[in-house]
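Have a look at model38.txt; it's compact mmCIF, C-alpha atoms and all ligand atoms:
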# COMPACT_ATOMS: atom_id res chain seq x y z
CA MET A 749 12.05 -17.28 -36.24
CA LYS A 750 9.06 -16.16 -38.34
CA SER A 751 6.42 -14.04 -36.63
CA TYR A 752 3.33 -15.93 -35.51
CA LEU A 753 1.42 -12.78 -34.61
CA PRO A 754 -2.13 -12.72 -36.01
CA VAL A 755 -2.84 -10.56 -39.05
CA LEU A 756 -6.02 -8.51 -38.68
CA ASN A 757 -6.81 -7.06 -42.10
CA ASN A 758 -9.90 -5.21 -40.91
CA ILE A 759 -8.01 -3.06 -38.37
CA SER A 760 -6.40 0.25 -39.31
CA ARG A 761 -2.67 0.61 -38.74
CA GLU A 762 -2.93 4.35 -38.13
CA LEU A 763 -1.95 5.68 -34.74
CA ARG A 764 -4.86 6.98 -32.69
CA ASN A 765 -4.63 9.06 -29.52
CA GLY A 766 -1.05 8.12 -28.75
CA ARG A 767 -1.31 4.37 -29.19
CA SER A 768 -1.31 1.75 -31.92
CA ILE A 769 -4.77 0.26 -32.01
CA TYR A 770 -3.51 -2.46 -34.35
CA ASP A 771 -0.66 -3.53 -32.06
CA GLY A 772 -3.01 -3.51 -29.06
CA TYR A 773 -5.48 -5.77 -30.86
CA ILE A 774 -2.98 -8.28 -32.16
CA ARG A 775 -1.45 -8.84 -28.73
CA GLY A 776 -4.57 -8.55 -26.54
CA TRP A 777 -7.08 -10.16 -28.90
CA GLY A 778 -4.50 -12.72 -29.97
CA ILE A 779 -3.97 -13.90 -26.38
CA GLN A 780 -7.59 -13.68 -25.23
CA PHE A 781 -9.43 -15.00 -28.30
CA GLY A 782 -6.80 -16.23 -30.76
CA ASP A 783 -4.12 -18.90 -30.45
CA LEU A 784 -1.26 -16.62 -29.46
CA ARG A 785 -0.95 -18.12 -25.98
CA GLU A 786 -0.31 -21.55 -27.51
CA GLN A 787 2.10 -20.12 -30.09
CA VAL A 788 4.15 -18.38 -27.43
CA ARG A 789 4.23 -21.46 -25.21
CA LYS A 790 5.94 -23.29 -28.13
CA ASP A 791 8.50 -20.55 -28.82
CA PRO A 792 11.98 -21.84 -27.83
CA LEU A 793 13.06 -18.42 -26.53
CA TYR A 794 9.98 -18.20 -24.29
CA LYS A 795 10.55 -21.74 -23.04
CA GLN A 796 14.18 -21.01 -22.11
CA ALA A 797 13.31 -17.77 -20.31
CA LEU A 798 10.41 -19.41 -18.50
CA ALA A 799 12.59 -22.28 -17.31
CA LEU A 800 15.11 -19.82 -15.86
CA SER A 801 12.42 -17.89 -13.98
CA SER A 802 10.62 -20.97 -12.73
CA GLY A 803 9.50 -20.74 -9.08
CA ARG A 804 10.70 -17.16 -8.79
CA THR A 805 7.80 -15.05 -10.06
CA VAL A 806 4.18 -14.26 -9.22
CA VAL A 807 3.49 -12.67 -12.62
CA SER A 808 0.55 -14.42 -14.28
CA GLU A 809 1.05 -16.43 -17.46
CA ASP A 810 -0.96 -14.09 -19.70
CA ASN A 811 0.88 -11.04 -18.37
CA ARG A 812 4.21 -12.76 -18.94
CA ILE A 813 3.19 -13.76 -22.47
CA ASN A 814 2.24 -10.17 -23.25
CA ILE A 815 5.60 -8.90 -22.01
CA PHE A 816 7.28 -11.57 -24.10
CA LEU A 817 5.42 -10.42 -27.22
CA ILE A 818 6.39 -6.79 -26.64
CA LEU A 819 10.05 -7.73 -26.19
CA ARG A 820 10.14 -10.25 -29.01
CA PHE A 821 8.23 -8.46 -31.76
CA PHE A 822 7.81 -4.77 -30.91
CA LEU A 823 10.81 -3.40 -29.05
CA ASP A 824 13.01 -3.23 -32.14
CA GLN A 825 10.47 -0.90 -33.79
CA ILE A 826 11.17 1.93 -31.34
CA GLY A 827 14.93 2.17 -31.61
CA GLY A 828 16.01 0.45 -28.41
CA GLY A 829 16.63 1.39 -24.81
CA ASP A 830 16.90 -0.31 -21.43
CA ILE A 831 14.29 -2.10 -19.33
CA ILE A 832 13.32 -1.22 -15.76
CA GLU A 833 11.16 -3.18 -13.37
CA PHE A 834 9.64 -1.50 -10.33
CA GLY A 835 8.90 -4.42 -8.00
CA SER A 836 10.91 -7.59 -8.61
CA TYR A 837 10.35 -9.66 -5.45
CA ARG A 838 12.11 -13.00 -6.05
CA GLY A 839 13.43 -11.71 -9.38
CA GLY A 840 11.72 -14.16 -11.72
CA ASN A 841 10.22 -11.74 -14.19
CA ALA A 842 13.42 -9.69 -14.31
CA ILE A 843 15.36 -12.87 -15.06
CA PHE A 844 12.80 -13.77 -17.73
CA MET A 845 13.16 -10.35 -19.42
CA ALA A 846 16.97 -10.33 -19.09
CA HIS A 847 17.31 -13.68 -20.85
CA ILE A 848 15.10 -12.52 -23.73
CA VAL A 849 16.76 -9.17 -24.32
CA GLY A 850 20.18 -10.75 -23.84
CA GLU A 851 19.41 -12.97 -26.83
CA LEU A 852 17.67 -10.35 -28.97
CA TYR A 853 19.21 -6.98 -28.13
CA PRO A 854 22.81 -7.14 -26.90
CA GLY A 855 23.64 -3.98 -24.97
CA THR A 856 20.19 -3.67 -23.45
CA ARG A 857 20.24 -3.74 -19.66
CA VAL A 858 17.52 -4.75 -17.21
CA TYR A 859 17.31 -2.92 -13.88
CA ALA A 860 15.29 -4.74 -11.21
CA LEU A 861 14.34 -2.48 -8.32
CA ASP A 862 12.95 -3.63 -4.98
CA THR A 863 13.56 -3.37 -1.26
CA PHE A 864 13.95 -7.18 -1.47
CA SER A 865 12.65 -7.11 2.10
CA GLY A 866 8.97 -6.49 1.37
CA MET A 867 6.44 -3.72 0.93
CA PRO A 868 7.03 -0.33 2.49
CA ALA A 869 4.24 1.32 4.51
CA THR A 870 0.91 1.11 2.69
CA ASN A 871 -2.25 3.22 2.86
CA PRO A 872 -5.26 1.29 4.20
CA LYS A 873 -7.60 3.85 2.60
CA ILE A 874 -6.72 2.44 -0.84
CA ASP A 875 -4.25 -0.47 -0.58
CA ALA A 876 -5.02 -4.06 0.40
CA HIS A 877 -1.36 -4.99 0.77
CA GLN A 878 0.47 -4.38 4.03
CA GLN A 879 3.97 -3.40 5.04
CA GLY A 880 6.31 -6.40 4.83
CA ASP A 881 4.29 -8.34 2.23
CA PHE A 882 6.63 -10.06 -0.28
CA GLY A 883 9.49 -10.16 2.24
CA GLY A 884 11.98 -12.95 2.77
CA VAL A 885 13.93 -12.70 -0.47
CA ASP A 886 17.51 -14.03 -0.48
CA LEU A 887 19.12 -11.34 -2.63
CA ASN A 888 22.59 -12.91 -2.47
CA GLU A 889 21.23 -16.19 -3.81
CA LEU A 890 19.39 -14.27 -6.53
CA ARG A 891 22.57 -12.48 -7.60
CA ARG A 892 24.53 -15.75 -7.60
CA PHE A 893 21.82 -17.47 -9.68
CA SER A 894 21.77 -14.62 -12.17
CA ALA A 895 25.58 -14.63 -12.57
CA ALA A 896 25.70 -18.43 -12.82
CA ASN A 897 23.28 -18.19 -15.73
CA GLY A 898 25.27 -15.52 -17.54
CA LEU A 899 22.72 -12.74 -17.05
CA TYR A 900 25.33 -9.99 -16.99
CA ASN A 901 22.79 -7.53 -18.39
CA LEU A 902 20.66 -7.81 -15.22
CA GLU A 903 21.19 -5.58 -12.20
CA PHE A 904 19.30 -5.96 -8.93
CA VAL A 905 18.99 -2.58 -7.21
CA GLU A 906 18.18 -2.84 -3.52
CA GLY A 907 16.24 -0.15 -1.66
CA LEU A 908 13.12 1.96 -1.85
CA PHE A 909 12.44 3.20 -5.39
CA GLU A 910 12.25 6.66 -3.86
CA ASP A 911 15.95 6.30 -2.90
CA THR A 912 17.30 4.38 -5.90
CA ALA A 913 15.36 5.06 -9.10
CA GLN A 914 16.71 8.49 -9.96
CA SER A 915 20.34 7.45 -9.94
CA VAL A 916 19.55 4.30 -11.94
CA LEU A 917 17.69 6.31 -14.56
CA LYS A 918 20.54 8.80 -14.76
CA ARG A 919 23.05 6.12 -15.75
CA ALA A 920 20.68 3.97 -17.86
CA GLN A 921 19.89 4.50 -21.54
CA ASN A 922 16.38 5.76 -22.22
CA ILE A 923 13.79 3.22 -21.13
CA ALA A 924 12.12 1.15 -23.83
CA LEU A 925 9.95 -0.82 -21.40
CA ALA A 926 9.00 0.00 -17.81
CA HIS A 927 7.32 -2.83 -15.96
CA ILE A 928 5.50 -1.32 -12.99
CA ASP A 929 4.66 -4.19 -10.66
CA CYS A 930 4.48 -2.80 -7.14
CA ASP A 931 0.79 -3.06 -6.19
CA ILE A 932 0.27 -0.03 -3.95
CA TYR A 933 -0.77 3.52 -4.79
CA SER A 934 2.29 5.42 -3.59
CA SER A 935 4.81 3.11 -5.25
CA VAL A 936 2.96 2.80 -8.55
CA ALA A 937 2.48 6.58 -8.70
CA TYR A 938 6.13 7.24 -7.89
CA SER A 939 7.35 4.72 -10.47
CA TYR A 940 5.30 6.29 -13.25
CA GLU A 941 6.28 9.84 -12.31
CA VAL A 942 9.99 9.09 -12.10
CA VAL A 943 10.28 7.04 -15.29
CA LYS A 944 8.08 9.14 -17.56
CA ALA A 945 10.74 11.67 -18.59
CA HIS A 946 13.23 8.86 -19.31
CA MET A 947 11.11 6.87 -21.77
CA THR A 948 12.20 6.21 -25.35
CA GLY A 949 9.71 7.70 -27.85
CA GLY A 950 7.01 5.05 -28.25
CA GLY A 951 8.30 3.16 -25.18
CA TYR A 952 6.05 0.77 -23.30
CA ILE A 953 4.73 1.44 -19.79
CA VAL A 954 3.25 -1.81 -18.55
CA PHE A 955 1.20 -1.98 -15.34
CA ASP A 956 1.17 -5.52 -14.02
CA ASP A 957 -1.50 -5.11 -11.38
CA ALA A 958 -3.80 -2.18 -12.23
CA THR A 959 -6.48 -4.63 -13.39
CA VAL A 960 -5.96 -7.03 -10.48
CA SER A 961 -8.66 -7.22 -7.80
CA SER A 962 -6.22 -6.85 -4.90
CA CYS A 963 -4.54 -3.68 -6.22
CA LEU A 964 -7.07 -0.84 -6.43
CA GLY A 965 -4.24 1.55 -5.54
CA ALA A 966 -2.57 0.67 -8.85
CA THR A 967 -5.91 1.04 -10.63
CA GLU A 968 -6.41 4.48 -9.15
CA VAL A 969 -2.99 5.66 -10.37
CA VAL A 970 -3.92 4.68 -13.92
CA GLU A 971 -7.33 6.33 -13.61
CA SER A 972 -6.36 9.55 -11.94
CA ILE A 973 -2.80 10.22 -13.12
CA LEU A 974 -2.41 8.64 -16.55
CA ILE A 975 -5.93 8.90 -17.90
CA ARG A 976 -7.41 11.98 -16.23
CA ARG A 977 -4.37 14.14 -15.56
CA ASP A 978 -2.08 13.17 -18.46
CA GLY A 979 -4.91 12.43 -20.89
CA LEU A 980 -3.43 9.12 -22.03
CA ASN A 981 -5.31 6.31 -23.74
CA SER A 982 -4.16 2.73 -23.27
CA GLU A 983 -2.95 0.45 -26.04
CA GLN A 984 -4.12 -2.60 -24.11
CA ILE A 985 -6.37 -3.32 -21.16
CA PHE A 986 -5.93 -7.08 -21.45
CA PRO A 987 -4.08 -8.92 -20.02
CA GLN A 988 -2.66 -5.80 -18.35
CA PHE A 989 -2.75 -2.05 -18.93
CA VAL A 990 -0.15 -0.97 -21.51
CA PHE A 991 0.50 2.68 -22.37
CA ARG A 992 2.87 4.14 -24.95
CA SER A 993 5.08 7.10 -24.21
CA GLY A 994 5.26 9.92 -26.76
CA LEU A 995 4.16 7.69 -29.61
CA ASN A 996 2.85 10.53 -31.76
CA GLN A 997 6.32 12.03 -31.85
CA ALA A 998 8.01 8.67 -32.45
CA ARG A 999 5.91 7.42 -35.35
CA PRO A 1000 3.85 10.21 -36.93
C1 LIG B 1 4.08 -8.22 -6.70
S1 LIG B 1 5.69 -8.04 -6.12
C2 LIG B 1 6.64 -8.05 -7.62
C3 LIG B 1 6.54 -9.35 -8.37
C4 LIG B 1 7.68 -9.62 -9.34
N1 LIG B 1 7.73 -8.71 -10.46
C5 LIG B 1 7.70 -11.05 -9.81
O1 LIG B 1 8.28 -11.32 -10.89
O2 LIG B 1 7.17 -11.92 -9.12
C6 LIG B 1 5.73 -6.34 -5.64
C7 LIG B 1 7.07 -5.88 -5.09
O3 LIG B 1 7.10 -4.46 -5.04
C8 LIG B 1 8.02 -4.09 -4.01
N2 LIG B 1 7.80 -2.67 -3.68
C9 LIG B 1 6.62 -2.03 -3.54
N3 LIG B 1 6.83 -0.73 -3.28
C10 LIG B 1 8.18 -0.54 -3.26
C11 LIG B 1 9.00 0.62 -3.09
N4 LIG B 1 8.48 1.84 -2.86
N5 LIG B 1 10.33 0.47 -3.17
C12 LIG B 1 10.89 -0.77 -3.39
N6 LIG B 1 10.14 -1.90 -3.57
C13 LIG B 1 8.81 -1.77 -3.51
C14 LIG B 1 7.72 -5.08 -2.90
O4 LIG B 1 8.83 -5.21 -2.04
C15 LIG B 1 7.38 -6.36 -3.67
O5 LIG B 1 8.48 -7.24 -3.71
This structure in structure tokens:
Amino acid sequence: MKSYLPVLNNISRELRNGRSIYDGYIRGWGIQFGDLREQVRKDPLYKQALALSSGRTVVSEDNRINIFLILRFFLDQIGGGDIIEFGSYRGGNAIFMAHIVGELYPGTRVYALDTFSGMPATNPKIDAHQQGDFGGVDLNELRRFSAANGLYNLEFVEGLFEDTAQSVLKRAQNIALAHIDCDIYSSVAYSYEVVKAHMTGGGYIVFDDATVSSCLGATEVVESILIRRDGLNSEQIFPQFVFRSGLNQARP
């Protein structure tokens, strides 16, 4: 299918401070002010993936559309890699991503990490969520659903990230897209720290909730660790924060 991304002739395509300003504008501006949301809603691949994930995700439509655009039009520019999601809850967004990459990039795997029994202990000094939030997931049903729909590239990994992520990352390919969707300071910080060294050059680190009003812990990780400590600039702040890993090395 032909690309329906907007063309912005007035924007430079040069990289700037470790991100592609042009790519950030076409996705973010395209969704917020252009007609990209409508274009994506009509895309048959998006429609199929959305139908499979129906009723199983709390990811907002704009965030999902942005992830779709990255997978559909940008991932092939960085030479591939696997996908990891930190925080999968009922599995809907992982299913959504697995269907898309299954169609577009055979060999790419999606790892979906969660306790599948709710949030671990949270810190009331910064987090609004509480231990046990997002509990009650039927992981066996989720695995059966995924197999019944042929999503053999999708693996649900049960347990605390702190206990599971390192071994997953050891056996995975480099990570082309990390979707960090776990709401609380300690988990968001851990996810970023553990995945950083495993990213493909130019890979996408997407924070689902760092601009969400109920997740100031996630916001603080972006502010204090990515921006202040690591000196990163974001490629997008709408509809969610997107950072690129090692982009200067990947595409000089
Ligand atoms: C907002 S939900 C994820 C939503 C999901 N991506 C979707 O498609 O709807 C956040 C999830 O993060 C998980 N989580 C948070 N911290 C965790 C940790 N340290 N280890 C494992 N899971 C964690 C919670 O159990 C919860 O299910």
How close does each residue of chain A get to ligand LIG 1 (chain B), giving the shortest atom pair and distance in Å to one decimal for every residue with an atom at most 8 Å away, counting only C-alpha atoms and all ligand atoms, sorted by chain and residue number, as a Markdown table?
| residue | atom | partner | partner_atom | distance |
| --- | --- | --- | --- | --- |
| A:Arg804 | CA | B:LIG1 | O2 | 6.3 |
| A:Thr805 | CA | B:LIG1 | O2 | 3.3 |
| A:Val806 | CA | B:LIG1 | O2 | 3.8 |
| A:Val807 | CA | B:LIG1 | O2 | 5.1 |
| A:Glu833 | CA | B:LIG1 | N1 | 7.1 |
| A:Phe834 | CA | B:LIG1 | O3 | 6.6 |
| A:Gly835 | CA | B:LIG1 | O3 | 3.5 |
| A:Ser836 | CA | B:LIG1 | N1 | 3.8 |
| A:Tyr837 | CA | B:LIG1 | O5 | 3.5 |
| A:Arg838 | CA | B:LIG1 | O2 | 5.9 |
| A:Gly839 | CA | B:LIG1 | O1 | 5.4 |
| A:Gly840 | CA | B:LIG1 | O1 | 4.5 |
| A:Asn841 | CA | B:LIG1 | O1 | 3.9 |
| A:Ala842 | CA | B:LIG1 | O1 | 6.4 |
| A:Leu861 | CA | B:LIG1 | C12 | 6.3 |
| A:Asp862 | CA | B:LIG1 | N6 | 3.6 |
| A:Thr863 | CA | B:LIG1 | C12 | 4.3 |
| A:Phe864 | CA | B:LIG1 | O4 | 5.5 |
| A:Ser865 | CA | B:LIG1 | O4 | 5.9 |
| A:Gly866 | CA | B:LIG1 | O4 | 3.6 |
| A:Met867 | CA | B:LIG1 | O4 | 4.1 |
| A:Pro868 | CA | B:LIG1 | N3 | 5.8 |
| A:Gly880 | CA | B:LIG1 | O4 | 7.4 |
| A:Asp881 | CA | B:LIG1 | C15 | 6.9 |
| A:Phe882 | CA | B:LIG1 | O5 | 4.8 |
| A:Gly883 | CA | B:LIG1 | O4 | 6.6 |
| A:Glu906 | CA | B:LIG1 | C12 | 7.6 |
| A:Gly907 | CA | B:LIG1 | C12 | 5.7 |
| A:Leu908 | CA | B:LIG1 | N5 | 3.4 |
| A:Phe909 | CA | B:LIG1 | N5 | 4.1 |
| A:Glu910 | CA | B:LIG1 | N4 | 6.2 |
| A:Asp929 | CA | B:LIG1 | C2 | 5.3 |
| A:Cys930 | CA | B:LIG1 | O3 | 3.7 |
| A:Asp931 | CA | B:LIG1 | C6 | 6.0 |
| A:Ile932 | CA | B:LIG1 | N3 | 6.6 |
| A:Ser934 | CA | B:LIG1 | N4 | 7.2 |
| A:Ser935 | CA | B:LIG1 | N4 | 4.6 |
| A:Val936 | CA | B:LIG1 | N3 | 7.4 |
| A:Tyr938 | CA | B:LIG1 | N4 | 7.7 |
| A:Asp957 | CA | B:LIG1 | C1 | 7.9 |
Pick from A:Leu793, A:Ile769, A:Leu887, A:Leu800: nearest to A:Arg992, with all atoms listed in the file counted? A:Ile769
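Atom CA of A:Arg820 sits 23.9 Å away from atom CA of A:Ala896.
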I want to know what sits within 8 Å of stretch 917-923 of chain A, based on all atoms listed in the file, with residues of the same chain fewer than 4 positions away left out; could you give that as a ChimeraX atom specification? /A:829-832,857,913,943,946-948,951
Counting only C-alpha atoms, figure out which residue out of A:Tyr900, A:Asn814, A:Arg977, A:Pro872 gets nearest to A:Thr856. A:Tyr900
Give me, please, the distance in Å between atom CA of A:Arg767 and atom CA of A:Glu983, quoted to one decimal. 5.3 Å
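If you measure from each of A:Asp824, A:Phe986, A:Ala846, A:Asn996 to A:Ile774 using only C-alpha atoms, the closest one turns out to be A:Phe986.
Here the residues that fall within 7 Å of (22.2, -0.3, -11.3), using all atoms listed in the file, are given as Tyr859, Glu903, Phe904, Val905 and Val916 of chain A.
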Which of these, A:Leu753, A:Ile843, A:Ile973, A:Val849, has the shortest distance to A:Leu817 once you count only C-alpha atoms? A:Leu753
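Atom pair atom CA of A:Met845 / atom CA of A:Asn811 has a distance of 12.3 Å (rounded to one decimal).
Remark: for A:Val960, the closest of the candidate residues A:Gln825, A:Ser982, A:Thr870, A:Ser808 is A:Ser808 (distances computed over all atoms listed in the file).
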Counting all atoms listed in the file, which residues have an atom no more than 10 Å from (-6.3, -1.1, -20.9) in the file's coordinates? Please list them as a PDB file with C-alpha atoms, in the coordinates of the input.
ATOM      1  CA  GLY A 772      -3.010  -3.510 -29.060  1.00  0.00           C
ATOM      2  CA  GLY A 776      -4.570  -8.550 -26.540  1.00  0.00           C
ATOM      3  CA  VAL A 954       3.250  -1.810 -18.550  1.00  0.00           C
ATOM      4  CA  PHE A 955       1.200  -1.980 -15.340  1.00  0.00           C
ATOM      5  CA  ALA A 958      -3.800  -2.180 -12.230  1.00  0.00           C
ATOM      6  CA  THR A 959      -6.480  -4.630 -13.390  1.00  0.00           C
ATOM      7  CA  VAL A 970      -3.920   4.680 -13.920  1.00  0.00           C
ATOM      8  CA  ASN A 981      -5.310   6.310 -23.740  1.00  0.00           C
ATOM      9  CA  SER A 982      -4.160   2.730 -23.270  1.00  0.00           C
ATOM     10  CA  GLU A 983      -2.950   0.450 -26.040  1.00  0.00           C
ATOM     11  CA  GLN A 984      -4.120  -2.600 -24.110  1.00  0.00           C
ATOM     12  CA  ILE A 985      -6.370  -3.320 -21.160  1.00  0.00           C
ATOM     13  CA  PHE A 986      -5.930  -7.080 -21.450  1.00  0.00           C
ATOM     14  CA  PRO A 987      -4.080  -8.920 -20.020  1.00  0.00           C
ATOM     15  CA  GLN A 988      -2.660  -5.800 -18.350  1.00  0.00           C
ATOM     16  CA  PHE A 989      -2.750  -2.050 -18.930  1.00  0.00           C
ATOM     17  CA  VAL A 990      -0.150  -0.970 -21.510  1.00  0.00           C
ATOM     18  CA  PHE A 991       0.500   2.680 -22.370  1.00  0.00           C
TER      19      PHE A 991
END
